[in-house]
$ cat work.csv   # CSV, C-alpha atoms
chain,number,residue,atom,x,y,z
A,3,LYS,CA,189.5,152.4,249.4
A,4,ALA,CA,190.0,155.9,248.0
A,5,GLU,CA,191.8,154.4,244.9
A,6,MET,CA,188.8,152.2,244.0
A,7,GLN,CA,186.5,153.7,241.3
A,8,HIS,CA,188.6,156.8,241.6
A,9,HIS,CA,187.6,158.3,238.2
A,10,THR,CA,183.9,157.8,238.8
A,11,LYS,CA,184.2,159.3,242.3
A,12,GLU,CA,185.8,162.4,240.8
A,13,LYS,CA,182.9,162.8,238.4
A,14,VAL,CA,180.4,162.4,241.1
A,15,GLY,CA,182.4,164.8,243.4
A,16,ARG,CA,182.5,167.4,240.6
A,17,LYS,CA,178.7,167.3,240.1
A,18,ALA,CA,177.9,167.3,243.8
A,19,ALA,CA,180.3,170.2,244.5
A,20,GLY,CA,178.3,172.3,242.1
A,21,PHE,CA,175.4,172.4,244.6
A,22,ILE,CA,177.5,174.2,247.2
A,23,GLN,CA,177.0,178.0,247.0
A,24,ASN,CA,178.4,181.1,248.8
A,25,GLY,CA,176.8,181.7,252.2
A,26,MET,CA,175.7,178.1,252.7
A,27,LYS,CA,175.9,176.0,255.9
A,28,ILE,CA,176.7,172.5,254.9
A,29,ILE,CA,177.5,169.2,256.7
A,30,LEU,CA,179.7,166.5,255.1
A,31,ASP,CA,179.7,162.8,255.9
A,32,ALA,CA,182.9,160.8,255.9
A,33,GLY,CA,184.1,158.8,252.9
A,34,SER,CA,186.3,158.7,249.8
A,35,THR,CA,183.7,160.3,247.5
A,36,ILE,CA,183.1,163.1,249.9
A,37,GLU,CA,186.9,163.7,249.9
A,38,GLU,CA,186.7,164.3,246.2
A,39,ILE,CA,184.1,167.0,246.8
A,40,VAL,CA,186.3,168.6,249.4
A,41,ARG,CA,189.3,168.7,247.0
A,42,LEU,CA,187.2,170.8,244.7
A,43,LEU,CA,185.8,173.0,247.5
A,44,CYS,CA,189.4,173.7,248.6
A,45,LYS,CA,190.3,174.9,245.1
A,46,LYS,CA,187.3,177.1,245.0
A,47,ILE,CA,188.2,178.6,248.5
A,48,GLU,CA,191.8,179.1,247.4
A,49,ASN,CA,190.6,180.9,244.2
A,50,ARG,CA,188.1,182.9,246.4
A,51,VAL,CA,185.2,181.6,244.3
A,52,LEU,CA,183.6,180.1,247.4
A,53,THR,CA,183.3,182.3,250.4
A,54,LYS,CA,181.3,182.9,253.6
A,55,VAL,CA,180.6,179.2,253.8
A,56,THR,CA,180.1,177.2,257.0
A,57,ILE,CA,181.3,173.6,256.8
A,58,ALA,CA,180.7,170.8,259.4
A,59,THR,CA,182.0,167.3,259.0
A,60,THR,CA,182.1,164.0,260.8
A,61,SER,CA,185.4,163.2,259.2
A,62,ILE,CA,188.8,164.0,260.9
A,63,ASN,CA,190.5,163.6,257.5
A,64,ILE,CA,188.1,166.0,255.7
A,65,ALA,CA,188.4,168.5,258.5
A,66,ASP,CA,192.1,168.3,258.2
A,67,MET,CA,191.9,168.9,254.4
A,68,ILE,CA,189.7,172.0,254.9
A,69,SER,CA,191.8,173.3,257.8
A,70,ASP,CA,195.0,173.0,255.8
A,71,CYS,CA,193.3,175.0,253.0
A,72,CYS,CA,192.3,177.7,255.5
A,73,VAL,CA,195.9,177.9,256.9
A,74,SER,CA,197.4,178.2,253.4
A,75,MET,CA,195.0,181.1,252.8
A,76,GLY,CA,196.0,182.8,256.0
A,77,PHE,CA,192.5,182.8,257.5
A,78,ASP,CA,192.1,183.5,261.2
A,79,ASP,CA,189.3,183.8,263.7
A,80,ASP,CA,188.3,187.2,262.4
A,81,PHE,CA,188.1,186.2,258.8
A,82,SER,CA,184.7,184.9,257.9
A,83,ALA,CA,185.4,183.2,254.5
A,84,VAL,CA,185.2,179.7,256.1
A,85,ARG,CA,183.9,178.5,259.4
A,86,LEU,CA,184.8,174.8,260.2
A,87,TYR,CA,183.1,172.6,262.8
A,88,VAL,CA,183.2,169.0,263.9
A,89,PRO,CA,180.8,167.3,266.3
A,90,GLY,CA,182.1,165.8,269.5
A,91,GLY,CA,182.6,162.1,270.0
A,92,GLN,CA,185.1,159.3,269.5
A,93,ILE,CA,187.4,158.8,266.5
A,94,ARG,CA,186.9,155.5,264.6
A,95,PRO,CA,190.5,154.5,263.7
A,96,SER,CA,189.6,152.6,260.5
A,97,THR,CA,187.8,155.5,258.7
A,98,GLN,CA,188.8,158.6,260.8
A,99,ALA,CA,185.1,159.3,261.3
A,100,ILE,CA,183.8,160.9,264.5
A,101,ILE,CA,181.2,158.6,266.0
A,102,PRO,CA,179.0,158.9,269.1
A,103,ALA,CA,181.0,158.5,272.3
A,104,TYR,CA,180.6,155.1,274.0
A,105,GLY,CA,178.6,153.9,271.0
A,106,THR,CA,175.3,155.1,272.4
A,107,GLU,CA,175.5,158.9,273.1
A,108,ARG,CA,173.8,160.7,270.2
A,109,GLY,CA,172.7,164.2,269.6
A,110,GLN,CA,176.1,166.0,268.9
A,111,ILE,CA,175.2,166.5,265.2
A,112,GLN,CA,171.8,167.9,266.1
A,113,ARG,CA,173.2,170.2,268.8
A,114,LEU,CA,175.7,171.5,266.3
A,115,ALA,CA,172.9,172.1,263.8
A,116,ASP,CA,170.9,173.9,266.5
A,117,HIS,CA,173.8,176.1,267.3
A,118,LEU,CA,174.3,177.1,263.7
A,119,GLY,CA,170.6,177.5,262.9
A,120,GLY,CA,170.4,174.3,260.9
A,121,PHE,CA,172.2,173.1,257.8
A,122,ASP,CA,171.2,174.2,254.3
A,123,LEU,CA,172.7,171.1,252.7
A,124,ALA,CA,173.9,167.7,253.7
A,125,ILE,CA,176.1,165.4,251.6
A,126,ILE,CA,176.1,161.8,252.6
A,127,GLY,CA,178.1,158.8,251.3
A,128,VAL,CA,176.6,155.4,250.7
A,129,ASN,CA,177.8,151.8,250.6
A,130,GLY,CA,174.8,150.1,249.0
A,131,ILE,CA,172.1,151.3,246.6
A,132,ASP,CA,168.9,149.5,245.6
A,133,ALA,CA,165.6,150.6,244.2
A,134,ASP,CA,163.6,148.7,246.9
A,135,ALA,CA,166.0,148.7,249.8
A,136,GLY,CA,167.1,152.3,249.4
A,137,PHE,CA,170.4,153.6,250.6
A,138,THR,CA,172.2,151.3,253.0
A,139,THR,CA,175.5,151.0,254.9
A,140,HIS,CA,177.2,148.7,257.4
A,141,ASP,CA,175.5,148.4,260.8
A,142,ASN,CA,178.0,150.4,262.9
A,143,ALA,CA,178.3,153.8,264.6
A,144,GLU,CA,178.8,155.6,261.3
A,145,ALA,CA,175.3,154.6,260.2
A,146,LEU,CA,173.9,156.6,263.1
A,147,ASN,CA,175.8,159.6,261.8
A,148,LYS,CA,174.1,159.3,258.4
A,149,VAL,CA,170.7,159.3,260.0
A,150,ASP,CA,171.4,162.3,262.1
A,151,ILE,CA,173.0,164.2,259.2
A,152,VAL,CA,169.8,163.6,257.1
A,153,ARG,CA,167.6,164.9,259.9
A,154,ALA,CA,169.7,168.0,260.6
A,155,SER,CA,169.5,169.4,257.1
A,156,THR,CA,167.0,171.1,254.8
A,157,SER,CA,168.4,169.6,251.6
A,158,ARG,CA,170.1,166.3,251.2
A,159,ILE,CA,172.4,164.8,248.5
A,160,VAL,CA,173.5,161.2,248.7
A,161,VAL,CA,176.6,160.5,246.6
A,162,GLY,CA,178.0,157.2,245.4
A,163,ASP,CA,179.6,155.5,242.4
A,164,SER,CA,177.6,153.1,240.3
A,165,SER,CA,179.6,150.0,241.5
A,166,LYS,CA,177.5,150.1,244.6
A,167,ILE,CA,174.1,149.8,242.8
A,168,GLY,CA,172.6,146.4,243.5
A,169,ILE,CA,174.3,146.1,246.9
A,170,VAL,CA,172.1,145.9,250.0
A,171,LEU,CA,173.7,146.1,253.4
A,172,GLU,CA,172.4,145.8,256.9
A,173,TYR,CA,171.4,149.3,257.8
A,174,LYS,CA,169.1,151.5,255.8
A,175,PHE,CA,169.4,155.3,256.4
A,176,ALA,CA,167.3,156.7,253.6
A,177,ASP,CA,165.3,155.7,250.5
A,178,PHE,CA,164.1,157.1,247.2
A,179,ASP,CA,160.7,158.1,248.6
A,180,GLU,CA,162.4,160.8,250.8
A,181,ASP,CA,163.2,164.4,249.9
A,182,LEU,CA,166.7,164.0,248.6
A,183,LYS,CA,168.8,163.8,245.5
A,184,PHE,CA,171.2,161.0,244.5
A,185,VAL,CA,174.4,161.9,242.5
A,186,VAL,CA,175.9,158.9,240.6
A,187,ASP,CA,178.1,158.4,237.6
A,188,ASP,CA,176.3,157.7,234.3
A,189,ASP,CA,176.7,154.1,233.3
A,190,GLN,CA,174.6,151.0,232.5
A,191,ASN,CA,173.9,150.3,236.2
A,192,SER,CA,172.7,153.8,236.7
A,193,GLN,CA,170.5,153.7,233.7
A,194,LYS,CA,168.9,150.4,234.8
A,195,LEU,CA,168.3,151.9,238.2
A,196,CYS,CA,166.5,154.8,236.6
A,197,GLU,CA,164.3,152.4,234.6
A,198,VAL,CA,163.4,150.4,237.7
A,199,LEU,CA,162.6,153.5,239.8
A,200,GLY,CA,160.1,154.9,237.2
A,201,SER,CA,158.8,158.3,238.4
A,202,ARG,CA,161.2,158.3,241.3
A,203,ALA,CA,164.1,158.4,238.8
A,204,SER,CA,163.8,162.2,239.0
A,205,LYS,CA,165.7,161.9,242.3
A,206,ILE,CA,168.8,160.8,240.4
A,207,ILE,CA,171.4,163.2,239.0
A,208,LEU,CA,173.8,161.6,236.6
A,209,ALA,CA,177.4,162.8,236.6

$ encode --input "work.csv" --output "structure tokens"
Amino acid sequence: KAEMQHHTKEKVGRKAAGFIQNGMKIILDAGSTIEEIVRLLCKKIENRVLTKVTIATTSINIADMISDCCVSMGFDDDFSAVRLYVPGGQIRPSTQAIIPAYGTERGQIQRLADHLGGFDLAIIGVNGIDADAGFTTHDNAEALNKVDIVRASTSRIVVGDSSKIGIVLEYKFADFDEDLKFVVDDDQNSQKLCEVLGSRASKIILA
């Protein structure tokens, strides 16, 4: 999946990574586009451009990427450049996402947010994008994560490549009427979406 639309995911990741600033508390969803963002974040951490950042993620793979970066930098418990958190739960084998235990227990993301004093920024992946249906994903435990991530954060950025525009899936987790931004690569599908959205097109950031 990570190889699909790789170039456009890189463009989207580069644009979205620019919103992450020193001192922020951020929470990252699972997904291949989010991984592109994390690759850039790790480079910024290694170059000491990004510091004093708190990162939470629902992805074991992303947590591993950030952890490896911190190890390579020689960070320890007393070094405050990066603090890394994951919520509790079960690992979903197909995507390496952390999902609510037993499929029903929720609240781990909000408890983590409460412990940290809330998140400044959430970055959420998406599987389907439509002007009317909003942002949708498959109806599984990861959909609950997306809802909880949105609720636990002050600012929200949804990221996705333009190949997902026009797709409507079973579970809606947000829409264009909400307080969020949508980062997507600039192509014909994206331009058409902007036209259809009218005044709501201000929510879209083209990469």

$ residues_around --input "work.csv" --residues "range 92-105 of chain A" --least-positions-apart "5" --cutoff "7 Å" --atoms "only C-alpha atoms" --output "ChimeraX atom specification"
/A:32,60-63,143-144,147

$ closest_residue --input "work.csv" --among "A:Glu38, A:Asp116, A:Asp31, A:Asp66" --to "Arg16 in chain A" --atoms "all atoms listed in the file"
A:Glu38

$ closest_residue --input "work.csv" --among "A:Glu37, A:Asp150, A:Glu172, A:Asp163" --to "Asp189 in chain A" --atoms "all atoms listed in the file"
A:Asp163

$ closest_atom_pairs --input "work.csv" --of "range 56-83 of chain A" --to "range 123-135 of chain A" --cutoff "10 Å" --atoms "only C-alpha atoms" --output "Markdown table"
| residue | atom | partner | partner_atom | distance |
| --- | --- | --- | --- | --- |
| A:Ile57 | CA | A:Leu123 | CA | 9.8 |
| A:Ala58 | CA | A:Ala124 | CA | 9.4 |
| A:Thr59 | CA | A:Ile125 | CA | 9.7 |

$ closest_residue --input "work.csv" --among "A:Gly15, A:Gly76, A:Gly33, A:Gly90" --to "Ala209 in chain A" --atoms "all atoms listed in the file"
A:Gly15

$ closest_residue --input "work.csv" --among "A:Asp179, A:Phe137, A:Val185, A:Ile68" --to "Ser201 in chain A" --atoms "only C-alpha atoms"
A:Asp179

$ atom_distance --input "work.csv" --atom1 "CA of Met75 in chain A" --atom2 "CA of Ala18 in chain A"
23.7 Å

$ residues_near_point --input "work.csv" --point "(187.3, 154.5, 237.3)" --cutoff "12 Å" --atoms "all atoms listed in the file" --output "PyMOL selection string"
chain A and resi 4-14+163-165+187-189

$ atom_distance --input "work.csv" --atom1 "CA of Arg158 in chain A" --atom2 "CA of Asn49 in chain A"
26.1 Å

$ atom_distance --input "work.csv" --atom1 "CA of Ser155 in chain A" --atom2 "CA of Leu118 in chain A"
11.2 Å

$ closest_residue --input "work.csv" --among "A:Phe184, A:Thr139, A:Val73, A:Ile47" --to "Lys205 in chain A" --atoms "only C-alpha atoms"
A:Phe184

$ closest_residue --input "work.csv" --among "A:Ile64, A:Gly162, A:Phe175, A:Ile167" --to "Gln193 in chain A" --atoms "only C-alpha atoms"
A:Ile167
